[in-house]
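Pasted below: my_file_12.csv, CSV, C-alpha atoms.
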```
chain,number,residue,atom,x,y,z
P,1,MET,CA,22.1,28.7,-11.1
P,2,LYS,CA,25.2,30.5,-12.0
P,3,ILE,CA,28.9,29.8,-12.0
P,4,GLY,CA,30.7,32.0,-9.5
P,5,GLY,CA,33.9,31.7,-7.6
P,6,LEU,CA,35.9,31.9,-4.4
P,7,PRO,CA,38.2,34.8,-3.4
P,8,GLU,CA,41.8,34.2,-3.5
P,9,ALA,CA,43.2,33.1,-0.2
P,10,GLY,CA,44.3,35.8,2.3
P,11,ARG,CA,43.1,38.7,0.2
P,12,ARG,CA,39.9,40.6,0.9
P,13,PRO,CA,38.2,41.8,-2.2
P,14,ALA,CA,36.8,45.3,-2.5
P,15,ALA,CA,33.3,45.9,-1.3
P,16,GLY,CA,30.7,45.0,-3.9
P,17,LYS,CA,33.2,43.0,-6.0
P,18,ILE,CA,33.2,39.3,-6.3
P,19,ALA,CA,36.6,37.9,-6.6
P,20,ARG,CA,37.0,35.0,-9.1
P,21,PRO,CA,39.8,32.5,-8.6
P,22,PRO,CA,41.8,31.8,-11.7
P,23,THR,CA,41.6,28.0,-11.5
P,24,LEU,CA,38.7,27.0,-9.3
P,25,ALA,CA,35.0,27.3,-10.1
P,26,PHE,CA,32.0,26.2,-8.1
P,27,ILE,CA,28.3,26.1,-8.8
P,28,THR,CA,26.6,29.1,-7.3
P,29,ILE,CA,23.0,29.4,-6.4
P,30,ARG,CA,22.0,33.0,-6.6
P,31,GLY,CA,19.8,34.5,-3.8
P,32,PRO,CA,17.9,37.8,-3.5
P,33,GLN,CA,21.0,39.7,-2.2
P,34,ALA,CA,24.2,40.0,-4.1
P,35,HIS,CA,26.6,41.4,-1.6
P,36,PRO,CA,29.7,39.5,-0.5
P,37,ASP,CA,30.0,38.3,3.1
P,38,ARG,CA,32.7,39.2,5.6
P,39,ARG,CA,35.2,36.8,4.1
P,40,GLY,CA,34.5,38.3,0.7
P,41,ARG,CA,32.5,35.4,-0.6
P,42,PRO,CA,29.4,36.2,-2.6
P,43,PRO,CA,26.2,35.4,-0.7
P,44,HIS,CA,24.6,32.0,-1.3
P,45,THR,CA,27.9,30.8,-2.7
P,46,THR,CA,27.6,27.2,-1.9
P,47,HIS,CA,30.5,24.8,-1.9
P,48,THR,CA,28.4,22.2,-3.6
P,49,THR,CA,29.8,18.7,-3.9
P,50,ARG,CA,30.1,19.0,-7.6
P,51,PRO,CA,32.9,21.3,-8.7
P,52,THR,CA,33.1,21.8,-12.5
P,53,SER,CA,36.1,19.5,-12.5
P,54,LYS,CA,39.0,21.8,-12.8
P,55,ARG,CA,40.5,19.9,-10.0
P,56,PRO,CA,41.4,16.5,-11.5
P,57,GLY,CA,41.1,13.7,-9.0
P,58,TYR,CA,38.5,15.2,-6.7
P,59,ASP,CA,35.6,13.9,-8.8
P,60,GLY,CA,37.2,10.5,-9.2
P,61,ILE,CA,38.1,10.0,-5.6
P,62,VAL,CA,35.0,11.4,-3.8
P,63,GLN,CA,32.0,11.5,-6.2
P,64,ARG,CA,32.3,8.6,-8.6
P,65,PRO,CA,32.8,5.6,-6.3
P,66,SER,CA,30.1,6.6,-3.8
P,67,ARG,CA,27.3,6.9,-6.3
P,68,LEU,CA,28.6,3.9,-8.2
P,69,LEU,CA,28.9,1.9,-5.0
P,70,ILE,CA,25.3,2.7,-3.9
P,71,LEU,CA,23.9,1.8,-7.3
P,72,ALA,CA,25.9,-1.4,-7.5
P,73,VAL,CA,24.9,-2.5,-4.0
P,74,ALA,CA,21.2,-1.7,-4.6
P,75,PHE,CA,21.3,-3.6,-7.9
P,76,SER,CA,23.0,-6.6,-6.3
P,77,VAL,CA,20.4,-6.6,-3.5
P,78,ALA,CA,17.5,-6.5,-6.0
P,79,ILE,CA,19.0,-9.4,-8.0
P,80,ALA,CA,19.5,-11.4,-4.8
P,81,GLY,CA,16.0,-10.6,-3.7
P,82,THR,CA,14.6,-11.8,-7.0
P,83,PHE,CA,16.3,-15.2,-6.6
P,84,VAL,CA,15.4,-15.5,-2.9
P,85,PHE,CA,11.7,-14.8,-3.5
P,86,ALA,CA,11.6,-17.0,-6.6
P,87,PHE,CA,13.0,-19.9,-4.6
P,88,ARG,CA,10.5,-19.3,-1.8
P,89,ALA,CA,7.6,-19.1,-4.2
P,90,GLY,CA,8.7,-22.3,-5.9
P,91,ARG,CA,9.0,-24.1,-2.5
P,92,HIS,CA,5.5,-23.0,-1.5
P,93,ALA,CA,4.2,-24.1,-4.9
P,94,ARG,CA,5.7,-27.5,-4.4
P,95,ARG,CA,4.1,-27.8,-1.0
P,96,LEU,CA,0.7,-27.1,-2.6
P,97,HIS,CA,0.8,-30.7,-3.8
P,98,PHE,CA,2.4,-32.5,-0.9
P,99,GLU,CA,1.2,-31.0,2.4
P,100,ASN,CA,-2.0,-30.8,4.3
P,101,GLU,CA,-3.4,-27.5,5.5
P,102,PRO,CA,-2.7,-26.7,9.1
P,103,ILE,CA,-5.7,-25.8,11.4
P,104,ARG,CA,-6.0,-22.2,12.4
P,105,SER,CA,-8.3,-20.5,14.9
P,106,TRP,CA,-10.1,-18.5,12.2
P,107,MET,CA,-11.3,-21.6,10.4
P,108,SER,CA,-14.8,-23.0,10.8
P,109,VAL,CA,-15.5,-26.7,11.1
P,110,PRO,CA,-17.0,-27.0,7.6
P,111,PHE,CA,-13.9,-25.2,6.3
P,112,ILE,CA,-11.5,-27.6,8.0
P,113,ALA,CA,-13.7,-30.5,6.8
P,114,HIS,CA,-13.4,-29.2,3.2
P,115,THR,CA,-9.6,-28.7,3.3
P,116,HIS,CA,-9.1,-32.2,4.8
P,117,HIS,CA,-11.7,-34.0,2.8
P,118,VAL,CA,-13.7,-35.5,5.7
P,119,PRO,CA,-17.4,-35.2,6.5
P,120,SER,CA,-18.0,-32.2,8.8
P,121,ALA,CA,-20.2,-34.3,11.0
P,122,VAL,CA,-17.1,-36.3,12.1
P,123,LEU,CA,-15.4,-33.1,13.3
P,124,PHE,CA,-18.4,-31.5,14.9
P,125,GLN,CA,-18.8,-34.7,17.0
P,126,ALA,CA,-15.2,-34.7,18.0
P,127,ILE,CA,-15.6,-31.3,19.7
P,128,GLY,CA,-19.0,-32.1,21.2
P,129,ILE,CA,-21.3,-30.1,18.9
P,130,GLU,CA,-24.4,-31.2,17.2
P,131,PRO,CA,-23.6,-31.3,13.5
P,132,GLN,CA,-25.3,-28.4,11.6
P,133,GLN,CA,-24.8,-27.7,7.9
P,134,HIS,CA,-24.8,-23.9,8.3
P,135,ASP,CA,-22.7,-23.6,11.5
P,136,ARG,CA,-19.8,-21.4,10.3
P,137,ARG,CA,-18.5,-20.2,13.6
P,138,PRO,CA,-14.7,-20.0,13.7
P,139,LEU,CA,-12.9,-22.2,16.2
P,140,ARG,CA,-12.0,-19.3,18.4
P,141,VAL,CA,-15.7,-18.5,18.9
P,142,ILE,CA,-16.5,-22.2,19.6
P,143,ALA,CA,-13.7,-22.3,22.1
P,144,ARG,CA,-14.9,-19.2,23.9
P,145,GLN,CA,-18.4,-20.6,24.1
P,146,GLN,CA,-17.1,-23.9,25.4
P,147,HIS,CA,-14.9,-22.0,28.0
P,148,ARG,CA,-11.7,-23.7,27.0
P,149,PRO,CA,-8.6,-22.7,25.1
P,150,VAL,CA,-8.6,-22.8,21.3
P,151,GLU,CA,-5.6,-25.1,21.4
P,152,ASP,CA,-7.7,-27.8,23.0
P,153,VAL,CA,-10.3,-27.6,20.3
P,154,VAL,CA,-7.5,-27.8,17.6
P,155,ARG,CA,-6.0,-30.8,19.4
P,156,ASP,CA,-9.4,-32.6,19.4
P,157,LEU,CA,-9.9,-31.9,15.7
P,158,GLU,CA,-6.4,-33.1,14.9
P,159,ARG,CA,-7.1,-36.3,16.8
P,160,ALA,CA,-10.3,-36.7,14.9
P,161,LEU,CA,-8.6,-36.1,11.6
P,162,ALA,CA,-5.9,-38.7,12.4
P,163,SER,CA,-8.5,-41.3,13.3
P,164,ALA,CA,-10.5,-40.4,10.2
P,165,GLY,CA,-7.4,-41.1,8.2
P,166,HIS,CA,-7.9,-44.8,8.9
P,167,THR,CA,-11.4,-44.8,7.6
P,168,HIS,CA,-10.6,-42.3,4.8
P,169,PRO,CA,-7.7,-43.7,2.8
P,170,ALA,CA,-7.0,-40.4,1.0
P,171,LEU,CA,-5.9,-38.8,4.3
P,172,GLU,CA,-3.1,-41.4,4.8
P,173,SER,CA,-0.8,-39.9,2.2
P,174,PRO,CA,0.0,-36.2,2.8
P,175,GLY,CA,-1.7,-34.1,0.2
P,176,GLY,CA,-3.9,-36.9,-1.0
P,177,LYS,CA,-7.4,-36.0,-2.1
P,178,ALA,CA,-10.6,-37.7,-1.3
P,179,PRO,CA,-12.7,-38.8,-4.2
H,180,MET,CA,-5.6,-8.9,13.3
H,181,ARG,CA,-5.3,-11.3,10.3
H,182,ASP,CA,-7.1,-14.1,12.2
H,183,GLN,CA,-9.9,-11.8,13.3
H,184,ILE,CA,-10.5,-10.6,9.7
H,185,LEU,CA,-10.5,-14.2,8.4
H,186,ALA,CA,-12.7,-15.3,11.2
H,187,ALA,CA,-15.2,-12.5,10.3
H,188,LEU,CA,-15.1,-13.6,6.7
H,189,ALA,CA,-15.7,-17.3,7.6
H,190,GLN,CA,-18.6,-16.3,9.9
H,191,TYR,CA,-20.3,-13.4,8.1
H,192,GLY,CA,-19.3,-14.0,4.5
H,193,SER,CA,-20.2,-11.2,2.0
H,194,PRO,CA,-20.5,-8.1,4.3
H,195,ALA,CA,-17.1,-8.9,5.8
H,196,LEU,CA,-15.6,-9.3,2.4
H,197,PHE,CA,-16.9,-6.0,1.1
H,198,ALA,CA,-15.9,-4.0,4.2
H,199,VAL,CA,-12.4,-5.4,4.4
H,200,VAL,CA,-11.6,-5.0,0.7
H,201,THR,CA,-12.9,-1.4,0.7
H,202,ILE,CA,-10.9,-0.4,3.8
H,203,ALA,CA,-7.7,-2.1,2.5
H,204,SER,CA,-8.0,-0.3,-0.9
H,205,ILE,CA,-7.9,3.1,0.8
H,206,GLY,CA,-4.5,2.2,2.1
H,207,VAL,CA,-4.9,0.4,5.4
H,208,PRO,CA,-2.6,-2.7,5.4
H,209,LEU,CA,-4.9,-5.7,5.6
H,210,PRO,CA,-4.3,-9.2,4.1
H,211,VAL,CA,-6.5,-8.8,1.1
H,212,SER,CA,-4.9,-11.4,-1.1
H,213,LEU,CA,-5.4,-14.1,1.6
H,214,LEU,CA,-9.0,-12.8,2.1
H,215,LEU,CA,-9.8,-13.2,-1.6
H,216,ILE,CA,-8.2,-16.7,-1.7
H,217,VAL,CA,-10.2,-17.8,1.3
H,218,THR,CA,-13.3,-16.3,-0.4
H,219,GLY,CA,-12.5,-18.6,-3.4
H,220,SER,CA,-12.4,-21.5,-1.0
H,221,LEU,CA,-15.8,-20.5,0.5
H,222,VAL,CA,-17.2,-20.3,-3.1
H,223,ALA,CA,-16.0,-23.9,-3.6
H,224,GLN,CA,-17.8,-24.9,-0.4
H,225,GLY,CA,-21.0,-23.4,-1.7
H,226,VAL,CA,-21.2,-20.5,0.8
H,227,MET,CA,-21.6,-17.9,-2.0
H,228,PRO,CA,-21.7,-17.9,-5.8
H,229,LEU,CA,-18.6,-17.1,-7.8
H,230,TRP,CA,-20.0,-14.2,-9.7
H,231,TRP,CA,-21.3,-12.6,-6.5
H,232,ALA,CA,-17.9,-12.9,-4.8
H,233,ILE,CA,-16.0,-11.4,-7.7
H,234,ALA,CA,-18.5,-8.5,-8.1
H,235,LEU,CA,-18.5,-7.7,-4.4
H,236,ALA,CA,-14.7,-7.7,-4.2
H,237,CYS,CA,-14.3,-5.6,-7.3
H,238,THR,CA,-16.9,-3.1,-6.2
H,239,GLY,CA,-15.4,-2.7,-2.7
H,240,SER,CA,-11.9,-2.3,-4.2
H,241,VAL,CA,-12.9,0.3,-6.7
H,242,ILE,CA,-14.8,2.3,-4.1
H,243,GLY,CA,-11.7,2.2,-1.8
H,244,ASP,CA,-9.4,3.2,-4.7
H,245,GLN,CA,-11.6,6.2,-5.5
H,246,ILE,CA,-11.4,7.4,-1.9
H,247,GLY,CA,-7.6,7.1,-2.1
H,248,TYR,CA,-7.5,9.0,-5.4
H,249,GLY,CA,-9.7,11.7,-3.9
H,250,ILE,CA,-7.4,12.1,-0.8
H,251,GLY,CA,-4.5,12.6,-3.2
H,252,ARG,CA,-6.3,15.0,-5.5
H,253,TRP,CA,-8.0,17.2,-3.0
H,254,GLY,CA,-5.7,16.9,-0.1
H,255,GLY,CA,-2.6,16.5,-2.3
H,256,THR,CA,-1.4,20.1,-2.4
H,257,ARG,CA,-1.3,20.2,1.4
H,258,LEU,CA,0.5,16.9,1.5
H,259,VAL,CA,3.1,18.1,-1.0
H,260,SER,CA,3.6,21.4,0.7
H,261,ARG,CA,4.1,19.6,4.1
H,262,PHE,CA,6.1,16.5,3.0
H,263,GLY,CA,7.3,17.6,-0.5
H,264,GLY,CA,10.7,18.6,1.0
H,265,MET,CA,11.2,15.1,2.4
H,266,LEU,CA,10.4,13.6,-1.0
H,267,GLY,CA,13.1,15.6,-2.8
H,268,GLY,CA,11.5,19.1,-3.2
H,269,PRO,CA,9.2,20.6,-5.8
H,270,GLU,CA,11.3,19.7,-8.8
H,271,ARG,CA,11.4,16.1,-7.9
H,272,MET,CA,7.7,16.1,-7.1
H,273,ALA,CA,7.0,17.7,-10.5
H,274,LYS,CA,9.0,14.9,-12.2
H,275,ALA,CA,7.1,12.3,-10.2
H,276,GLU,CA,3.8,13.9,-11.3
H,277,ALA,CA,5.0,13.9,-14.9
H,278,HIS,CA,5.8,10.2,-14.6
H,279,ALA,CA,2.4,9.5,-13.1
H,280,ARG,CA,0.7,11.2,-16.0
H,281,ARG,CA,2.7,9.4,-18.6
H,282,TRP,CA,2.6,5.9,-17.1
H,283,GLY,CA,-0.6,6.4,-15.1
H,284,GLY,CA,-2.9,4.0,-16.9
H,285,PRO,CA,-0.7,0.9,-17.1
H,286,GLY,CA,0.6,1.6,-13.7
H,287,VAL,CA,-2.8,1.7,-12.2
H,288,PHE,CA,-3.8,-1.5,-14.1
H,289,LEU,CA,-0.8,-3.5,-13.1
H,290,SER,CA,-0.8,-2.4,-9.4
H,291,ARG,CA,-4.4,-3.8,-9.1
H,292,TRP,CA,-3.4,-7.5,-9.6
H,293,LEU,CA,0.3,-8.0,-10.3
H,294,VAL,CA,2.2,-5.6,-7.9
H,295,THR,CA,-0.5,-5.2,-5.3
H,296,PRO,CA,1.7,-3.7,-2.6
H,297,LEU,CA,2.0,-0.5,-4.7
H,298,GLY,CA,-1.8,-0.1,-5.2
H,299,SER,CA,-2.7,2.4,-2.5
H,300,VAL,CA,0.5,4.5,-3.2
H,301,ILE,CA,-0.5,4.7,-6.9
H,302,ASN,CA,-4.0,5.8,-6.0
H,303,LEU,CA,-2.5,8.7,-3.9
H,304,THR,CA,0.1,9.7,-6.5
H,305,SER,CA,-2.5,9.6,-9.3
H,306,GLY,CA,-4.7,12.0,-7.3
H,307,ILE,CA,-1.8,14.3,-6.6
H,308,ALA,CA,-0.7,14.3,-10.2
H,309,GLU,CA,-4.3,15.0,-11.2
H,310,TYR,CA,-4.4,12.1,-13.6
H,311,PRO,CA,-7.8,12.3,-15.4
H,312,TRP,CA,-10.4,10.7,-13.1
H,313,MET,CA,-12.4,8.9,-15.9
H,314,ARG,CA,-9.2,7.3,-17.2
H,315,PHE,CA,-8.2,6.3,-13.6
H,316,LEU,CA,-11.6,4.8,-13.1
H,317,LEU,CA,-11.5,2.8,-16.3
H,318,TRP,CA,-8.0,1.3,-15.6
H,319,ASP,CA,-9.0,0.8,-12.0
H,320,VAL,CA,-12.2,-1.2,-12.8
H,321,LEU,CA,-10.3,-3.3,-15.4
H,322,GLY,CA,-7.5,-4.0,-13.0
H,323,GLU,CA,-9.6,-4.7,-10.0
H,324,ALA,CA,-12.0,-7.0,-12.0
H,325,LEU,CA,-9.0,-9.0,-13.2
H,326,GLY,CA,-7.4,-9.0,-9.7
H,327,ALA,CA,-10.5,-10.1,-7.9
H,328,ALA,CA,-11.3,-12.8,-10.5
H,329,LEU,CA,-7.7,-14.1,-10.5
H,330,TYR,CA,-7.3,-14.4,-6.7
H,331,ILE,CA,-10.8,-15.8,-6.1
H,332,VAL,CA,-10.6,-18.3,-9.0
H,333,LEU,CA,-7.2,-19.5,-7.7
H,334,GLY,CA,-8.7,-19.9,-4.2
H,335,TRP,CA,-11.6,-21.8,-5.8
H,336,ILE,CA,-9.2,-24.1,-7.7
H,337,PHE,CA,-6.9,-24.7,-4.7
H,338,SER,CA,-9.7,-24.4,-2.1
H,339,ASP,CA,-8.1,-27.0,0.2
H,340,ARG,CA,-4.6,-25.3,0.2
H,341,VAL,CA,-5.4,-21.6,0.9
H,342,LEU,CA,-2.5,-20.9,3.2
H,343,GLU,CA,0.2,-22.4,1.0
H,344,LEU,CA,-1.3,-20.7,-2.0
H,345,ASP,CA,-1.3,-17.3,-0.3
H,346,ALA,CA,2.4,-17.8,0.7
H,347,ALA,CA,3.3,-18.7,-2.8
H,348,LEU,CA,1.5,-15.8,-4.4
H,349,GLY,CA,2.9,-13.4,-1.8
H,350,ASP,CA,6.5,-14.5,-2.6
H,351,PHE,CA,5.7,-14.3,-6.3
H,352,THR,CA,4.6,-10.7,-5.9
H,353,TRP,CA,7.7,-9.7,-4.1
H,354,MET,CA,9.8,-11.5,-6.7
H,355,ILE,CA,8.1,-9.4,-9.4
H,356,LEU,CA,8.8,-6.2,-7.4
H,357,ALA,CA,12.5,-7.2,-6.8
H,358,LEU,CA,12.8,-7.9,-10.5
H,359,LEU,CA,11.4,-4.5,-11.4
H,360,ALA,CA,13.8,-2.8,-9.0
H,361,ALA,CA,16.7,-4.8,-10.5
H,362,VAL,CA,15.7,-3.7,-14.0
H,363,VAL,CA,15.4,0.0,-13.0
H,364,LEU,CA,18.6,0.0,-11.0
H,365,GLY,CA,20.5,-1.8,-13.8
H,366,TRP,CA,19.3,0.8,-16.2
H,367,MET,CA,20.4,3.6,-13.9
H,368,LEU,CA,23.8,1.9,-13.4
H,369,TRP,CA,24.3,1.6,-17.1
H,370,LYS,CA,23.3,5.2,-17.8
H,371,TYR,CA,25.6,6.4,-15.0
H,372,LEU,CA,28.6,4.4,-16.4
H,373,GLN,CA,27.8,5.7,-19.9
H,374,SER,CA,27.7,9.3,-18.7
H,375,GLN,CA,31.0,8.9,-16.8
H,376,LYS,CA,32.7,7.4,-19.9
H,377,ALA,CA,31.4,10.3,-22.0
H,378,GLY,CA,32.8,12.8,-19.4
H,379,ASP,CA,36.2,11.1,-19.4
H,380,ARG,CA,36.3,11.2,-23.2
H,381,SER,CA,35.5,14.9,-23.4
H,382,GLN,CA,38.1,15.7,-20.8
H,383,GLU,CA,40.7,13.8,-22.7
H,384,SER,CA,39.9,15.5,-25.9
H,385,GLY,CA,40.0,18.9,-24.2
H,386,ALA,CA,43.4,18.1,-22.7
H,387,SER,CA,44.8,17.0,-26.0
H,388,SER,CA,43.5,20.1,-27.8
H,389,GLN,CA,45.1,22.4,-25.1
H,390,LYS,CA,48.5,20.7,-25.8
```

This entry written out as structure tokens:
Amino acid sequence: MKIGGLPEAGRRPAAGKIARPPTLAFITIRGPQAHPDRRGRPPHTTHTTRPTSKRPGYDGIVQRPSRLLILAVAFSVAIAGTFVFAFRAGRHARRLHFENEPIRSWMSVPFIAHTHHVPSAVLFQAIGIEPQQHDRRPLRVIARQQHRPVEDVVRDLERALASAGHTHPALESPGGKAP
Amino acid sequence: MRDQILAALAQYGSPALFAVVTIASIGVPLPVSLLLIVTGSLVAQGVMPLWWAIALACTGSVIGDQIGYGIGRWGGTRLVSRFGGMLGGPERMAKAEAHARRWGGPGVFLSRWLVTPLGSVINLTSGIAEYPWMRFLLWDVLGEALGAALYIVLGWIFSDRVLELDAALGDFTWMILALLAAVVLGWMLWKYLQSQKAGDRSQESGASSQK
């Protein structure tokens, strides 16, 4: 990198010579050739966005606010993101104590029985399956084998859980745990 | 996709856990944290022993991480020559490599369990930066063992609340990332303002000396 210059306006410099303006300097990146172009500018003279501040005001008006603005906006977004995610994490952490787990199609009957603290035999019976200790098929597989939508299976299980709530007091209060 | 993976874990247990964790560690975006939490719940239900679940998850992750590191190390020069310009050119890539060498160990360790979204990227950049493999392996094993144990034990403790726990941990991870970004950006902002002040001061002193 080298400091070069622009030719004076309206005057063509002599061949091979690089004219240097008296007041203006730009950063020049030097290439393999060092001949001036048609307009007298040295080759690879780039009007980079960072003049060496002999023009007061330019740096302040164009350069400084844009970079400052980007940094300030990014910093504000990061701070806002920190608070938003902290709030959401806190909300989920509170729910850990107060809400029951929803039923999903990937869950097996013993898994649902464990998360809702009911005997798995109750749930197996509710969907018309002979209770087996090691049956860990997900609900989607059971639904496919029974030729019915998975939503039907989930509905039957929810009904069974609701009725089991009467016989299992821990299920009456949300988040309550069976002994 | 998420439901299919979890269904496979619920049905097949250990082989599904090992396969998914290994593939995810290479860089394929799969819900590994939820998988480990559900594994903890399965441990609580007596499907598999705790030590076995942690060992399996840790081994799968380490194997996947080594593959990611290998891709960066032996395919890295091609990646850099092809995409280096997009990432800021060779100078910037060299700077990133220097950073990876300097902060490699702690970076690898923390990305295994605290800022997990960065894990596969750090595997790749560590390989590109040619971070010493033995050191990478050491930090990787330590981080993955802690990460697997942390998520599986949490899933074991909150075995009846796996979905809420996953959501809480996911938001907590993003909060940490946002906080890190805020610290870095705040530091950059402060440095920028300092450099501008110094520039103004030198200009003023130059102008007064000319007078």

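Closest to chain P among H:Asp339, H:Glu383, H:Asp345, H:Glu323 is H:Asp339, based on only C-alpha atoms.
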
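Among H:Arg257, H:Arg340, H:Arg252, H:Arg314, the residue with the shortest atom-to-atom distance to chain P, counting all atoms listed in the file, is H:Arg340.
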
Distance filter 7 Å, only C-alpha atoms, chain H against chain P, as a VMD selection string: chain H and resid 182 to 183 185 to 186 189 to 190 338 to 340 343 to 344 346 to 348 350 to 351 353 to 354 357 to 358 360 to 361 364 to 365 368

Å distance separating atom CA of Gln132 of chain P from atom CA of Trp335 of chain H, one decimal place: 23.1 Å

Shell of 8 Å around segment 123-129 of chain P, only C-alpha atoms, local chain residues under 2 positions omitted, as a VMD selection string: chain P and resid 109 113 119 to 121 131 153 156 to 157 160 to 161

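Closest to Leu333 of chain H among H:Ala308, H:Ile216, H:Leu293, H:Ile202 is H:Ile216, based on all atoms listed in the file.
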
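Using all atoms listed in the file for every distance, the candidate list H:Gly192, H:Gly283, H:Gly334, H:Pro210 yields H:Pro210 as the residue closest to Gly349 of chain H.
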
Pick from H:Leu214, H:Leu235, H:Leu316, H:Leu229 nearest to Val287 of chain H, counting only C-alpha atoms: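 Of the candidates, the smallest distance to Val287 of chain H is held by H:Leu316.
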
Pairwise distance for atom CA of Ala187 of chain H and atom CA of Ala232 of chain H, rounded to one decimal in Å: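 Separating atom CA of Ala187 of chain H from atom CA of Ala232 of chain H is a distance of 15.3 Å.
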
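Proximity ranking of H:Asn302, H:Gln375, H:Ser193, H:Ser381 relative to Met227 of chain H places H:Ser193 first, based on all atoms listed in the file.
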
Length of the atom CA of Leu213 of chain H to atom CA of Ile331 of chain H vector [Å]: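 According to the coordinates, atom CA of Leu213 of chain H and atom CA of Ile331 of chain H are separated by 9.6 Å.
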
Distance query Trp253 of chain H at most 12 Å, only C-alpha atoms, self and fewer than 5 positions along chain excluded, as a VMD selection string: chain H and resid 245 to 248 258 to 259 303 to 309

Just add N, CA and C atoms to segment 133-145 of chain P and send it as an mmCIF file, in the coordinates of the input.
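Wrote rebuild-v7.cif, looks like this:
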```
data_model
loop_
_atom_site.group_PDB
_atom_site.id
_atom_site.type_symbol
_atom_site.label_atom_id
_atom_site.label_comp_id
_atom_site.auth_asym_id
_atom_site.auth_seq_id
_atom_site.Cartn_x
_atom_site.Cartn_y
_atom_site.Cartn_z
ATOM 1 N N GLN P 133 -25.402 -27.969 9.256
ATOM 2 C CA GLN P 133 -24.800 -27.700 7.900
ATOM 3 C C GLN P 133 -24.359 -26.209 7.845
ATOM 4 N N HIS P 134 -25.101 -25.300 8.462
ATOM 5 C CA HIS P 134 -24.800 -23.900 8.300
ATOM 6 C C HIS P 134 -24.070 -23.263 9.493
ATOM 7 N N ASP P 135 -23.504 -24.104 10.325
ATOM 8 C CA ASP P 135 -22.700 -23.600 11.500
ATOM 9 C C ASP P 135 -21.337 -23.192 10.983
ATOM 10 N N ARG P 136 -21.104 -21.891 10.799
ATOM 11 C CA ARG P 136 -19.800 -21.400 10.300
ATOM 12 C C ARG P 136 -19.038 -20.634 11.309
ATOM 13 N N ARG P 137 -19.257 -20.964 12.569
ATOM 14 C CA ARG P 137 -18.500 -20.200 13.600
ATOM 15 C C ARG P 137 -17.038 -20.618 13.550
ATOM 16 N N PRO P 138 -16.153 -19.651 13.692
ATOM 17 C CA PRO P 138 -14.700 -20.000 13.700
ATOM 18 C C PRO P 138 -14.389 -20.725 15.027
ATOM 19 N N LEU P 139 -13.274 -21.432 15.012
ATOM 20 C CA LEU P 139 -12.900 -22.200 16.200
ATOM 21 C C LEU P 139 -12.727 -21.361 17.429
ATOM 22 N N ARG P 140 -12.217 -20.143 17.249
ATOM 23 C CA ARG P 140 -12.000 -19.300 18.400
ATOM 24 C C ARG P 140 -13.324 -18.946 19.106
ATOM 25 N N VAL P 141 -14.385 -18.791 18.322
ATOM 26 C CA VAL P 141 -15.700 -18.500 18.900
ATOM 27 C C VAL P 141 -16.237 -19.745 19.608
ATOM 28 N N ILE P 142 -16.051 -20.897 18.967
ATOM 29 C CA ILE P 142 -16.500 -22.200 19.600
ATOM 30 C C ILE P 142 -15.781 -22.370 20.921
ATOM 31 N N ALA P 143 -14.467 -22.137 20.913
ATOM 32 C CA ALA P 143 -13.700 -22.300 22.100
ATOM 33 C C ALA P 143 -14.148 -21.395 23.246
ATOM 34 N N ARG P 144 -14.443 -20.154 22.864
ATOM 35 C CA ARG P 144 -14.900 -19.200 23.900
ATOM 36 C C ARG P 144 -16.247 -19.625 24.455
ATOM 37 N N GLN P 145 -17.104 -20.123 23.591
ATOM 38 C CA GLN P 145 -18.400 -20.600 24.100
ATOM 39 C C GLN P 145 -18.346 -21.830 24.911
#
```
